[in-house]
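Shown below: start_12.tsv, with TSV, C-alpha atoms.
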```
chain	number	residue	atom	x	y	z
A	197	MET	CA	-23.61	38.85	7.70
A	198	LEU	CA	-26.71	39.68	5.71
A	199	LEU	CA	-28.04	36.14	5.60
A	200	ASP	CA	-31.45	34.98	4.39
A	201	THR	CA	-33.42	31.82	5.16
A	202	TYR	CA	-32.24	30.20	1.91
A	203	GLY	CA	-28.58	30.45	2.87
A	204	ARG	CA	-27.72	33.33	0.57
A	205	VAL	CA	-25.36	36.00	1.89
A	206	ALA	CA	-25.60	39.56	0.55
A	207	THR	CA	-22.14	41.02	-0.05
A	208	ASP	CA	-23.06	43.37	-2.93
A	209	LEU	CA	-24.76	46.67	-1.98
A	210	ARG	CA	-26.58	48.79	-4.56
A	211	VAL	CA	-27.01	52.39	-3.38
A	212	SER	CA	-29.40	54.69	-5.24
A	213	LEU	CA	-28.22	58.30	-4.89
A	214	THR	CA	-31.17	59.99	-6.59
A	215	ASP	CA	-34.40	59.11	-8.37
A	216	ARG	CA	-33.87	61.89	-10.92
A	217	CYS	CA	-32.69	61.28	-14.46
A	218	ASN	CA	-31.84	63.46	-17.45
A	219	LEU	CA	-33.14	60.91	-19.98
A	220	ARG	CA	-36.69	59.66	-20.53
A	221	CYS	CA	-36.14	56.12	-21.78
A	222	THR	CA	-39.34	54.62	-23.16
A	223	TYR	CA	-38.93	51.42	-21.12
A	224	CYS	CA	-38.41	53.32	-17.87
A	225	MET	CA	-40.54	56.44	-17.54
A	226	PRO	CA	-43.02	58.67	-19.40
A	227	GLU	CA	-41.85	61.60	-21.50
A	228	GLU	CA	-42.98	64.14	-18.91
A	229	GLY	CA	-40.90	62.47	-16.21
A	230	LEU	CA	-42.04	61.56	-12.71
A	231	GLN	CA	-42.76	63.19	-9.38
A	232	TRP	CA	-39.26	63.30	-7.87
A	233	LEU	CA	-38.51	62.80	-4.20
A	234	ALA	CA	-38.34	66.04	-2.23
A	235	LYS	CA	-34.88	66.92	-0.91
A	236	PRO	CA	-35.77	66.29	2.77
A	237	GLU	CA	-36.76	62.73	1.84
A	238	LEU	CA	-33.37	61.97	0.30
A	239	LEU	CA	-30.52	60.58	2.36
A	240	THR	CA	-27.84	63.19	3.00
A	241	ASP	CA	-24.24	62.54	1.98
A	242	ASP	CA	-23.38	61.81	5.63
A	243	GLU	CA	-26.28	59.36	5.95
A	244	ILE	CA	-25.24	57.52	2.79
A	245	VAL	CA	-21.66	57.19	3.96
A	246	ARG	CA	-22.83	56.03	7.39
A	247	LEU	CA	-25.01	53.30	5.92
A	248	VAL	CA	-22.26	52.15	3.57
A	249	ARG	CA	-19.86	52.07	6.54
A	250	ILE	CA	-22.27	49.93	8.55
A	251	ALA	CA	-22.73	47.60	5.59
A	252	VAL	CA	-18.99	47.23	5.03
A	253	THR	CA	-17.67	47.11	8.60
A	254	GLU	CA	-20.59	45.38	10.37
A	255	LEU	CA	-22.42	43.34	7.74
A	256	GLY	CA	-19.77	41.91	5.42
A	257	VAL	CA	-20.49	43.92	2.25
A	258	THR	CA	-17.49	43.93	-0.10
A	259	GLU	CA	-18.94	45.51	-3.27
A	260	VAL	CA	-20.74	48.86	-3.50
A	261	ARG	CA	-22.49	50.01	-6.68
A	262	PHE	CA	-23.78	53.59	-6.86
A	263	THR	CA	-26.91	53.91	-8.99
A	264	GLY	CA	-29.88	56.20	-9.62
A	265	GLY	CA	-31.93	57.49	-11.32
A	266	GLU	CA	-28.78	59.01	-12.74
A	267	PRO	CA	-26.08	59.11	-10.04
A	268	LEU	CA	-24.01	61.74	-11.86
A	269	LEU	CA	-26.81	64.19	-10.99
A	270	ARG	CA	-25.93	63.82	-7.30
A	271	PRO	CA	-23.85	66.92	-6.42
A	272	GLY	CA	-21.86	65.15	-3.69
A	273	LEU	CA	-21.04	62.01	-5.67
A	274	THR	CA	-17.26	62.43	-5.80
A	275	GLY	CA	-17.08	63.16	-2.09
A	276	ILE	CA	-19.24	60.15	-1.26
A	277	VAL	CA	-16.95	57.90	-3.30
A	278	ALA	CA	-13.82	59.36	-1.65
A	279	ARG	CA	-15.18	58.86	1.86
A	280	CYS	CA	-16.27	55.29	1.14
A	281	ALA	CA	-12.84	54.55	-0.33
A	282	GLU	CA	-11.34	55.33	3.09
A	283	LEU	CA	-13.30	52.57	4.81
A	284	GLU	CA	-11.51	49.55	6.25
A	285	PRO	CA	-11.87	47.09	4.70
A	286	ARG	CA	-12.12	49.09	1.51
A	287	PRO	CA	-15.06	48.01	-0.65
A	288	ARG	CA	-14.73	47.67	-4.40
A	289	MET	CA	-16.83	50.48	-5.89
A	290	SER	CA	-18.57	50.89	-9.23
A	291	LEU	CA	-21.12	53.21	-10.82
A	292	THR	CA	-24.08	52.56	-13.11
A	293	THR	CA	-24.74	55.62	-15.27
A	294	ASN	CA	-26.23	56.76	-18.55
A	295	GLY	CA	-22.84	58.33	-19.31
A	296	ILE	CA	-24.05	61.90	-19.70
A	297	GLY	CA	-21.58	64.01	-17.73
A	298	LEU	CA	-19.05	61.19	-17.45
A	299	GLU	CA	-16.66	62.96	-19.83
A	300	ARG	CA	-16.04	65.71	-17.27
A	301	THR	CA	-16.19	63.54	-14.12
A	302	ALA	CA	-14.44	60.25	-14.99
A	303	ALA	CA	-10.95	61.33	-13.92
A	304	ALA	CA	-12.19	62.88	-10.67
A	305	LEU	CA	-14.19	59.76	-9.82
A	306	ARG	CA	-11.14	57.59	-10.46
A	307	ASP	CA	-9.02	59.82	-8.23
A	308	ALA	CA	-11.70	59.59	-5.53
A	309	GLY	CA	-11.45	55.81	-5.56
A	310	LEU	CA	-14.07	54.55	-8.03
A	311	ASP	CA	-12.97	51.28	-9.62
A	312	ARG	CA	-15.14	50.97	-12.71
A	313	VAL	CA	-18.38	51.94	-14.47
A	314	ASN	CA	-21.38	50.42	-16.23
A	315	VAL	CA	-22.79	52.72	-18.90
A	316	SER	CA	-26.22	52.30	-20.48
A	317	LEU	CA	-26.27	52.59	-24.28
A	318	ASP	CA	-28.95	50.83	-26.31
A	319	THR	CA	-28.07	51.87	-29.85
A	320	LEU	CA	-25.31	53.07	-32.17
A	321	SER	CA	-27.73	55.35	-33.99
A	322	ALA	CA	-28.15	58.91	-32.76
A	323	GLU	CA	-31.63	58.97	-34.30
A	324	THR	CA	-32.71	55.77	-32.56
A	325	PHE	CA	-31.18	57.02	-29.32
A	326	GLN	CA	-33.35	60.13	-29.50
A	327	ARG	CA	-36.45	58.03	-30.16
A	328	MET	CA	-35.69	55.75	-27.22
A	329	THR	CA	-34.55	58.36	-24.69
A	330	ARG	CA	-36.39	61.45	-25.99
A	331	ARG	CA	-33.12	63.39	-25.74
A	332	LYS	CA	-30.33	64.34	-28.19
A	333	ARG	CA	-27.43	63.14	-26.04
A	334	HIS	CA	-25.98	60.20	-27.98
A	335	ALA	CA	-22.63	61.88	-28.63
A	336	ASP	CA	-22.31	62.78	-24.95
A	337	VAL	CA	-22.64	59.13	-23.97
A	338	LEU	CA	-19.99	58.05	-26.48
A	339	ARG	CA	-17.61	60.70	-25.14
A	340	GLY	CA	-18.36	59.61	-21.58
A	341	LEU	CA	-17.53	56.01	-22.43
A	342	ALA	CA	-14.22	57.02	-23.98
A	343	ALA	CA	-13.38	59.17	-20.95
A	344	ALA	CA	-14.07	56.28	-18.58
A	345	ARG	CA	-11.80	54.00	-20.57
A	346	GLU	CA	-9.04	56.60	-20.67
A	347	ALA	CA	-9.37	57.21	-16.93
A	348	GLY	CA	-8.85	53.50	-16.26
A	349	LEU	CA	-12.36	52.79	-14.92
A	350	THR	CA	-12.12	49.34	-16.43
A	351	PRO	CA	-13.51	47.01	-17.44
A	352	VAL	CA	-15.97	49.51	-18.90
A	353	LYS	CA	-19.26	47.63	-19.22
A	354	VAL	CA	-22.02	48.71	-21.57
A	355	ASN	CA	-25.62	47.77	-20.74
A	356	ALA	CA	-28.08	47.52	-23.64
A	357	VAL	CA	-31.82	46.84	-23.69
A	358	LEU	CA	-33.33	45.75	-27.00
A	359	MET	CA	-36.85	46.95	-27.77
A	360	PRO	CA	-39.14	45.86	-30.61
A	361	GLY	CA	-39.54	48.56	-33.24
A	362	PHE	CA	-36.52	50.51	-32.01
A	363	ASN	CA	-33.21	48.63	-31.90
A	364	ASP	CA	-34.21	44.97	-32.10
A	365	GLN	CA	-31.84	44.26	-35.02
A	366	GLU	CA	-28.78	45.94	-33.52
A	367	ALA	CA	-27.35	43.16	-31.35
A	368	PRO	CA	-24.57	42.08	-33.77
A	369	ASP	CA	-23.61	45.68	-34.58
A	370	LEU	CA	-23.48	46.61	-30.90
A	371	LEU	CA	-21.22	43.65	-30.16
A	372	ALA	CA	-18.90	44.38	-33.08
A	373	TRP	CA	-18.57	47.97	-31.88
A	374	ALA	CA	-17.97	46.95	-28.26
A	375	LEU	CA	-15.25	44.50	-29.28
A	376	GLU	CA	-13.51	47.20	-31.33
A	377	GLU	CA	-13.72	49.75	-28.50
A	378	ASP	CA	-12.71	47.22	-25.80
A	379	TYR	CA	-15.96	47.55	-23.85
A	380	GLU	CA	-17.70	44.56	-22.28
A	381	LEU	CA	-21.24	44.45	-23.64
A	382	ARG	CA	-24.15	43.07	-21.61
A	383	PHE	CA	-27.66	42.78	-22.98
A	384	ILE	CA	-30.45	43.05	-20.40
A	385	GLU	CA	-33.95	41.71	-20.91
A	386	GLN	CA	-36.57	44.40	-20.46
A	387	MET	CA	-38.00	44.02	-16.97
A	388	PRO	CA	-41.42	44.93	-15.50
A	389	LEU	CA	-40.08	48.00	-13.71
A	390	ASP	CA	-41.36	50.81	-15.93
A	391	ALA	CA	-43.27	53.65	-14.32
A	392	GLN	CA	-46.09	53.27	-16.84
A	393	HIS	CA	-46.63	49.58	-15.95
A	394	GLY	CA	-46.84	48.90	-19.68
A	395	TRP	CA	-44.45	45.94	-19.78
A	396	GLN	CA	-45.76	42.83	-21.51
A	397	ARG	CA	-43.96	39.51	-21.64
A	398	ASP	CA	-45.12	38.70	-25.16
A	399	GLY	CA	-43.61	41.94	-26.45
A	400	MET	CA	-40.12	41.59	-25.01
A	401	ILE	CA	-36.93	40.47	-26.76
A	402	THR	CA	-35.66	37.47	-24.83
A	403	ALA	CA	-32.16	36.23	-24.10
A	404	GLY	CA	-32.81	33.45	-26.63
A	405	ASP	CA	-33.66	36.02	-29.29
A	406	ILE	CA	-30.50	37.99	-28.52
A	407	LEU	CA	-28.21	34.96	-28.68
A	408	GLN	CA	-29.78	33.78	-31.92
A	409	SER	CA	-29.14	37.19	-33.45
A	410	LEU	CA	-25.54	37.33	-32.23
A	411	ARG	CA	-24.79	33.88	-33.62
A	412	THR	CA	-25.55	35.09	-37.14
A	413	ARG	CA	-22.17	36.85	-37.01
A	414	PHE	CA	-20.19	35.45	-34.06
A	415	THR	CA	-19.26	32.13	-32.50
A	416	LEU	CA	-20.27	32.10	-28.85
A	417	THR	CA	-18.86	29.67	-26.27
A	418	ALA	CA	-20.62	29.59	-22.91
A	419	GLU	CA	-18.60	30.08	-19.76
A	420	GLY	CA	-19.21	27.61	-16.98
A	421	GLU	CA	-21.21	28.22	-13.82
A	422	ASP	CA	-17.96	28.38	-11.84
A	423	GLU	CA	-16.95	31.44	-13.86
A	424	ARG	CA	-20.30	33.11	-13.39
A	425	GLY	CA	-20.64	32.76	-9.63
A	426	SER	CA	-23.30	35.17	-8.32
A	427	ALA	CA	-23.03	37.55	-11.30
A	428	PRO	CA	-26.39	38.25	-12.96
A	429	ALA	CA	-24.96	37.98	-16.49
A	430	GLU	CA	-24.46	34.70	-18.29
A	431	ARG	CA	-21.30	35.23	-20.32
A	432	TRP	CA	-20.01	33.86	-23.59
A	433	LEU	CA	-16.55	33.97	-25.12
A	434	VAL	CA	-16.77	35.65	-28.51
A	435	ASP	CA	-14.99	33.85	-31.39
A	436	GLY	CA	-12.87	31.91	-28.93
A	437	GLY	CA	-12.12	34.82	-26.60
A	438	PRO	CA	-10.67	36.44	-24.67
A	439	GLN	CA	-13.40	39.06	-25.16
A	440	ARG	CA	-16.86	38.27	-23.81
A	441	VAL	CA	-20.48	39.24	-24.11
A	442	GLY	CA	-23.05	38.88	-21.37
A	443	VAL	CA	-26.82	38.48	-21.24
A	444	ILE	CA	-28.86	39.25	-18.12
A	445	ALA	CA	-32.00	37.16	-18.51
A	446	SER	CA	-33.89	38.45	-15.48
A	447	VAL	CA	-37.24	37.35	-16.89
A	448	THR	CA	-36.67	34.13	-18.84
A	449	ARG	CA	-33.74	32.68	-16.87
A	450	PRO	CA	-33.85	34.18	-13.35
A	451	PHE	CA	-30.69	33.88	-11.26
A	452	CYS	CA	-32.30	34.31	-7.83
A	453	ARG	CA	-30.71	31.20	-6.26
A	454	ALA	CA	-27.26	32.84	-6.38
A	455	CYS	CA	-28.35	36.41	-5.59
A	456	ASP	CA	-25.93	38.25	-3.29
A	457	ARG	CA	-27.43	41.75	-3.46
A	458	THR	CA	-29.00	44.14	-0.99
A	459	ARG	CA	-30.36	47.54	-2.01
A	460	LEU	CA	-30.78	51.01	-0.55
A	461	THR	CA	-33.13	53.47	-2.16
A	462	ALA	CA	-32.33	57.17	-2.32
A	463	ASP	CA	-34.73	57.75	0.58
A	464	GLY	CA	-33.09	55.15	2.80
A	465	GLN	CA	-35.25	52.05	2.37
A	466	VAL	CA	-33.76	48.55	2.29
A	467	ARG	CA	-35.03	46.42	-0.58
A	468	THR	CA	-34.20	42.74	-0.69
A	469	CYS	CA	-34.94	42.44	-4.42
A	470	LEU	CA	-35.60	44.63	-7.44
A	471	PHE	CA	-39.12	43.22	-7.47
A	472	ALA	CA	-39.78	43.43	-3.74
A	473	THR	CA	-43.12	44.90	-2.70
A	474	GLU	CA	-41.98	45.60	0.87
A	475	GLU	CA	-39.24	47.87	2.21
A	476	SER	CA	-37.55	48.46	5.57
A	477	ASP	CA	-36.93	52.02	6.68
A	478	LEU	CA	-33.36	52.79	7.79
A	479	ARG	CA	-33.64	56.54	7.25
A	480	GLY	CA	-36.31	56.87	9.92
A	481	ALA	CA	-34.23	54.87	12.39
A	482	MET	CA	-31.14	57.00	11.74
A	483	ARG	CA	-33.00	60.26	12.11
A	484	ALA	CA	-34.58	59.00	15.34
A	485	GLY	CA	-31.10	58.53	16.80
A	486	ALA	CA	-30.55	54.79	16.35
A	487	GLU	CA	-27.05	53.49	17.05
A	488	ASP	CA	-25.07	51.64	14.38
A	489	ALA	CA	-25.78	48.29	16.04
A	490	GLU	CA	-29.54	48.92	15.91
A	491	ILE	CA	-29.39	49.86	12.22
A	492	ALA	CA	-27.29	46.79	11.43
A	493	ASP	CA	-29.78	44.60	13.25
A	494	SER	CA	-32.70	46.10	11.33
A	495	TRP	CA	-30.85	45.48	8.08
A	496	ARG	CA	-30.19	41.84	9.04
A	497	LYS	CA	-33.87	41.33	9.86
A	498	ALA	CA	-34.91	42.79	6.52
A	499	MET	CA	-32.60	40.48	4.58
A	500	TRP	CA	-33.62	37.44	6.63
A	501	GLY	CA	-37.10	37.84	5.13
A	502	LYS	CA	-35.90	37.81	1.52
A	503	LYS	CA	-38.07	35.64	-0.73
A	504	ALA	CA	-36.75	32.67	-2.68
A	505	GLY	CA	-37.15	34.45	-6.00
A	506	ALA	CA	-38.54	37.42	-7.84
A	507	GLY	CA	-41.64	35.48	-8.82
A	508	ILE	CA	-41.96	36.89	-12.34
A	509	ASP	CA	-43.12	33.49	-13.63
A	510	ASP	CA	-45.78	33.18	-10.91
A	511	PRO	CA	-49.35	34.01	-12.02
A	512	SER	CA	-49.71	36.06	-8.84
A	513	PHE	CA	-46.73	38.30	-9.66
A	514	VAL	CA	-47.41	41.96	-8.95
A	515	GLN	CA	-45.15	44.65	-10.40
A	516	PRO	CA	-43.69	46.83	-7.64
A	517	GLN	CA	-45.13	50.32	-7.37
A	518	ARG	CA	-41.68	51.92	-7.52
A	519	PRO	CA	-40.16	52.02	-11.00
A	520	MET	CA	-36.51	51.23	-11.71
A	521	SER	CA	-35.53	54.91	-11.53
A	522	ALA	CA	-36.73	55.06	-7.91
A	523	ILE	CA	-35.29	51.69	-6.86
A	524	GLY	CA	-31.77	51.83	-8.26
A	525	GLY	CA	-30.30	49.36	-10.77
```

Structure encoded using structure tokens:
Amino acid sequence: MLLDTYGRVATDLRVSLTDRCNLRCTYCMPEEGLQWLAKPELLTDDEIVRLVRIAVTELGVTEVRFTGGEPLLRPGLTGIVARCAELEPRPRMSLTTNGIGLERTAAALRDAGLDRVNVSLDTLSAETFQRMTRRKRHADVLRGLAAAREAGLTPVKVNAVLMPGFNDQEAPDLLAWALEEDYELRFIEQMPLDAQHGWQRDGMITAGDILQSLRTRFTLTAEGEDERGSAPAERWLVDGGPQRVGVIASVTRPFCRACDRTRLTADGQVRTCLFATEESDLRGAMRAGAEDAEIADSWRKAMWGKKAGAGIDDPSFVQPQRPMSAIGG
């Protein structure tokens, strides 16, 4: 098991396949983009599959989420999914994506063994989308969402970040749209993981703000803690259910005590937390000829040192040098 000193067991693996992205979201990276990892630094398809296999067969991982950057930019994505689907025991697999390119890949990913998707979409306005992402791709995302639903990659979850001066009034409209389209909407508080290090607590829209806005149009009934488990989203039944809306309050209501995640960056580093400032190198060990047992042991040691929490509320909190696009969601 991937056990830490606080008794938490990591069964959910987040695997970043690339640090590259075809959007330039204002809360993530500058308009000019970033210095991407060179190809030799990236894990190969075989290395990714090997690490997932070790996690699943040796370390008790049951859920695998492929992330980025934008994972649909990874040429070998479908093959990676297919090979991981052949593992015994078979992990449940999902993908976090901006949805661009999903229209043409959803069916192939389903056939390869992908179970479901999370798609990022912050606004229903094409104009606002362009302002927030600096790209004219709103229609592509909508088509990608529809393709995922039609392919059976369900429940299709939509992740939305609200930003002051951009889409801060859209929460009720986004929820009404998601209910109509049968998507499960989750609002995510903006986190201090932008490449520009421009995040400020006093400028963010909080979970409380989001819920207050939603309640102007909907009746929300909180699910119990038993329903939530280790999931990062607090969920509410909308107008009595069965449809739900979630809020991930990473900043104002951290959920670290129930965290069950371990993370691999695209260059093969283990991260115990999104906000970790230290990493453990598995890529180097693999390329030096380490056996599976050695890699598993290194992974266990890394997770044993996981901190109690992200520490965002601590005055000594330091934003990690890697931005979200280089860590993986």

All residues 8 Å or closer to Val447 in chain A, all atoms listed in the file, same chain fewer than 2 positions away omitted, as a list in words:
Glu385, Gln386, Met387, Ala445, Arg449, Pro450, Ile508 and Asp509 of chain A

Next, write the just-selected residues to a file, as a tab-separated table (two decimals), in the coordinates of the input, keeping C-alpha atoms as the atom set.
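The file below, again-v4.tsv, is the result:
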```
chain	number	residue	atom	x	y	z
A	385	GLU	CA	-33.95	41.71	-20.91
A	386	GLN	CA	-36.57	44.40	-20.46
A	387	MET	CA	-38.00	44.02	-16.97
A	445	ALA	CA	-32.00	37.16	-18.51
A	449	ARG	CA	-33.74	32.68	-16.87
A	450	PRO	CA	-33.85	34.18	-13.35
A	508	ILE	CA	-41.96	36.89	-12.34
A	509	ASP	CA	-43.12	33.49	-13.63
```

Of the candidates A:Cys221, A:Leu433, A:Ala522, A:Val466, which one gets nearest to Trp495 in chain A if we count all atoms listed in the file?
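Among A:Cys221, A:Leu433, A:Ala522, A:Val466, it is A:Val466 that comes nearest to Trp495 in chain A.
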
Using all atoms listed in the file: which of A:Met197, A:Ile250, A:Leu371, A:Leu209 has the shortest distance to Thr468 in chain A
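The closest residue to Thr468 in chain A is A:Leu209.
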
Answer as a PyMOL selection string, residues within 12 Å of (-27.3, 31.2, 3.7) using only C-alpha atoms:
chain A and resi 197-207+453-456+499-502+504

Every residue with an atom at most 12 Å from (-24.7, 34.7, -34.9) (file coordinates; all atoms listed in the file) is what I'm after, so could you write them as number ranges by chain?
A: 365, 367-369, 371-372, 404-417, 434-435

So what do you get for CA of Arg382 in chain A versus CA of Ala303 in chain A, distance-wise?
23.8 Å

I'd like the interatomic distance between CA of Asp493 in chain A and CA of Gly275 in chain A, to a tenth of an Å.
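Straight-line distance from CA of Asp493 in chain A to CA of Gly275 in chain A works out to 27.2 Å.
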
Quick check, in Å to one decimal: how far apart do CA of Ala403 in chain A and CA of Leu358 in chain A lie?
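Calculated distance between CA of Ala403 in chain A and CA of Leu358 in chain A is 10.0 Å.
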
Shell around Thr319 in chain A at 12 Å using all atoms listed in the file, local window under 3 positions removed, as an mmCIF file with C-alpha atoms, in the frame of the given file:
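Output file result-v4.cif is given in full below:
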```cif
data_model
loop_
_atom_site.group_PDB
_atom_site.id
_atom_site.type_symbol
_atom_site.label_atom_id
_atom_site.label_comp_id
_atom_site.auth_asym_id
_atom_site.auth_seq_id
_atom_site.Cartn_x
_atom_site.Cartn_y
_atom_site.Cartn_z
ATOM 1 C CA SER A 316 -26.220 52.300 -20.480
ATOM 2 C CA ALA A 322 -28.150 58.910 -32.760
ATOM 3 C CA GLU A 323 -31.630 58.970 -34.300
ATOM 4 C CA THR A 324 -32.710 55.770 -32.560
ATOM 5 C CA PHE A 325 -31.180 57.020 -29.320
ATOM 6 C CA GLN A 326 -33.350 60.130 -29.500
ATOM 7 C CA ARG A 327 -36.450 58.030 -30.160
ATOM 8 C CA MET A 328 -35.690 55.750 -27.220
ATOM 9 C CA THR A 329 -34.550 58.360 -24.690
ATOM 10 C CA ARG A 333 -27.430 63.140 -26.040
ATOM 11 C CA HIS A 334 -25.980 60.200 -27.980
ATOM 12 C CA ALA A 335 -22.630 61.880 -28.630
ATOM 13 C CA VAL A 337 -22.640 59.130 -23.970
ATOM 14 C CA LEU A 338 -19.990 58.050 -26.480
ATOM 15 C CA VAL A 354 -22.020 48.710 -21.570
ATOM 16 C CA ASN A 355 -25.620 47.770 -20.740
ATOM 17 C CA ALA A 356 -28.080 47.520 -23.640
ATOM 18 C CA VAL A 357 -31.820 46.840 -23.690
ATOM 19 C CA LEU A 358 -33.330 45.750 -27.000
ATOM 20 C CA MET A 359 -36.850 46.950 -27.770
ATOM 21 C CA PHE A 362 -36.520 50.510 -32.010
ATOM 22 C CA ASN A 363 -33.210 48.630 -31.900
ATOM 23 C CA ASP A 364 -34.210 44.970 -32.100
ATOM 24 C CA GLN A 365 -31.840 44.260 -35.020
ATOM 25 C CA GLU A 366 -28.780 45.940 -33.520
ATOM 26 C CA ALA A 367 -27.350 43.160 -31.350
ATOM 27 C CA PRO A 368 -24.570 42.080 -33.770
ATOM 28 C CA ASP A 369 -23.610 45.680 -34.580
ATOM 29 C CA LEU A 370 -23.480 46.610 -30.900
ATOM 30 C CA LEU A 371 -21.220 43.650 -30.160
ATOM 31 C CA TRP A 373 -18.570 47.970 -31.880
ATOM 32 C CA ALA A 374 -17.970 46.950 -28.260
ATOM 33 C CA LEU A 381 -21.240 44.450 -23.640
ATOM 34 C CA PHE A 383 -27.660 42.780 -22.980
#
```

Exercise on range 251-265 of chain A, axis-aligned box with 6 Å per side, report centre and edge lengths in Å to one decimal, as JSON:
```
{"center_x": -24.7, "center_y": 49.7, "center_z": -0.5, "size_x": 26.4, "size_y": 27.6, "size_z": 33.7}
```

Do a neighbour search on Ala418 in chain A at 8 Å with all atoms listed in the file, toss out local chain neighbours closer than 6 positions, and write the hits as a PyMOL selection string.
chain A and resi 430-433

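Nearest to Leu283 in chain A of all the residues A:Gly309, A:Pro428, A:Pro236, A:Pro226 is A:Gly309, based on all atoms listed in the file.
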
Incomplete range 261-278 of chain A brought to N, CA and C atoms, written out as a CSV table (one decimal), in the coordinates of the input:
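Ended up saving to result_15.csv:
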```
chain,number,residue,atom,x,y,z
A,261,ARG,N,-22.2,49.4,-5.4
A,261,ARG,CA,-22.5,50.0,-6.7
A,261,ARG,C,-23.4,51.2,-6.5
A,262,PHE,N,-23.0,52.4,-6.9
A,262,PHE,CA,-23.8,53.6,-6.9
A,262,PHE,C,-24.6,53.7,-8.1
A,263,THR,N,-26.0,53.9,-7.9
A,263,THR,CA,-26.9,53.9,-9.0
A,263,THR,C,-27.8,55.1,-8.9
A,264,GLY,N,-28.9,55.2,-9.7
A,264,GLY,CA,-29.9,56.2,-9.6
A,264,GLY,C,-31.3,55.6,-9.8
A,265,GLY,N,-32.1,56.3,-10.5
A,265,GLY,CA,-31.9,57.5,-11.3
A,265,GLY,C,-30.6,57.5,-12.0
A,266,GLU,N,-30.1,58.8,-12.2
A,266,GLU,CA,-28.8,59.0,-12.7
A,266,GLU,C,-27.9,59.5,-11.7
A,267,PRO,N,-26.9,58.7,-11.2
A,267,PRO,CA,-26.1,59.1,-10.0
A,267,PRO,C,-25.2,60.3,-10.3
A,268,LEU,N,-24.8,60.6,-11.6
A,268,LEU,CA,-24.0,61.7,-11.9
A,268,LEU,C,-24.7,63.1,-11.6
A,269,LEU,N,-26.1,63.0,-11.4
A,269,LEU,CA,-26.8,64.2,-11.0
A,269,LEU,C,-26.7,64.5,-9.5
A,270,ARG,N,-26.1,63.6,-8.7
A,270,ARG,CA,-25.9,63.8,-7.3
A,270,ARG,C,-24.7,64.7,-7.1
A,271,PRO,N,-25.0,66.0,-6.6
A,271,PRO,CA,-23.8,66.9,-6.4
A,271,PRO,C,-22.7,66.4,-5.6
A,272,GLY,N,-22.9,65.6,-4.6
A,272,GLY,CA,-21.9,65.2,-3.7
A,272,GLY,C,-21.3,63.8,-4.1
A,273,LEU,N,-21.5,63.4,-5.3
A,273,LEU,CA,-21.0,62.0,-5.7
A,273,LEU,C,-19.6,61.8,-5.4
A,274,THR,N,-18.7,62.6,-5.9
A,274,THR,CA,-17.3,62.4,-5.8
A,274,THR,C,-16.8,62.3,-4.3
A,275,GLY,N,-17.4,63.2,-3.5
A,275,GLY,CA,-17.1,63.2,-2.1
A,275,GLY,C,-17.6,61.9,-1.4
A,276,ILE,N,-18.7,61.4,-1.8
A,276,ILE,CA,-19.2,60.2,-1.3
A,276,ILE,C,-18.3,59.0,-1.6
A,277,VAL,N,-17.9,59.0,-2.9
A,277,VAL,CA,-17.0,57.9,-3.3
A,277,VAL,C,-15.6,58.0,-2.5
A,278,ALA,N,-15.1,59.2,-2.4
A,278,ALA,CA,-13.8,59.4,-1.6
A,278,ALA,C,-13.9,58.9,-0.2
```
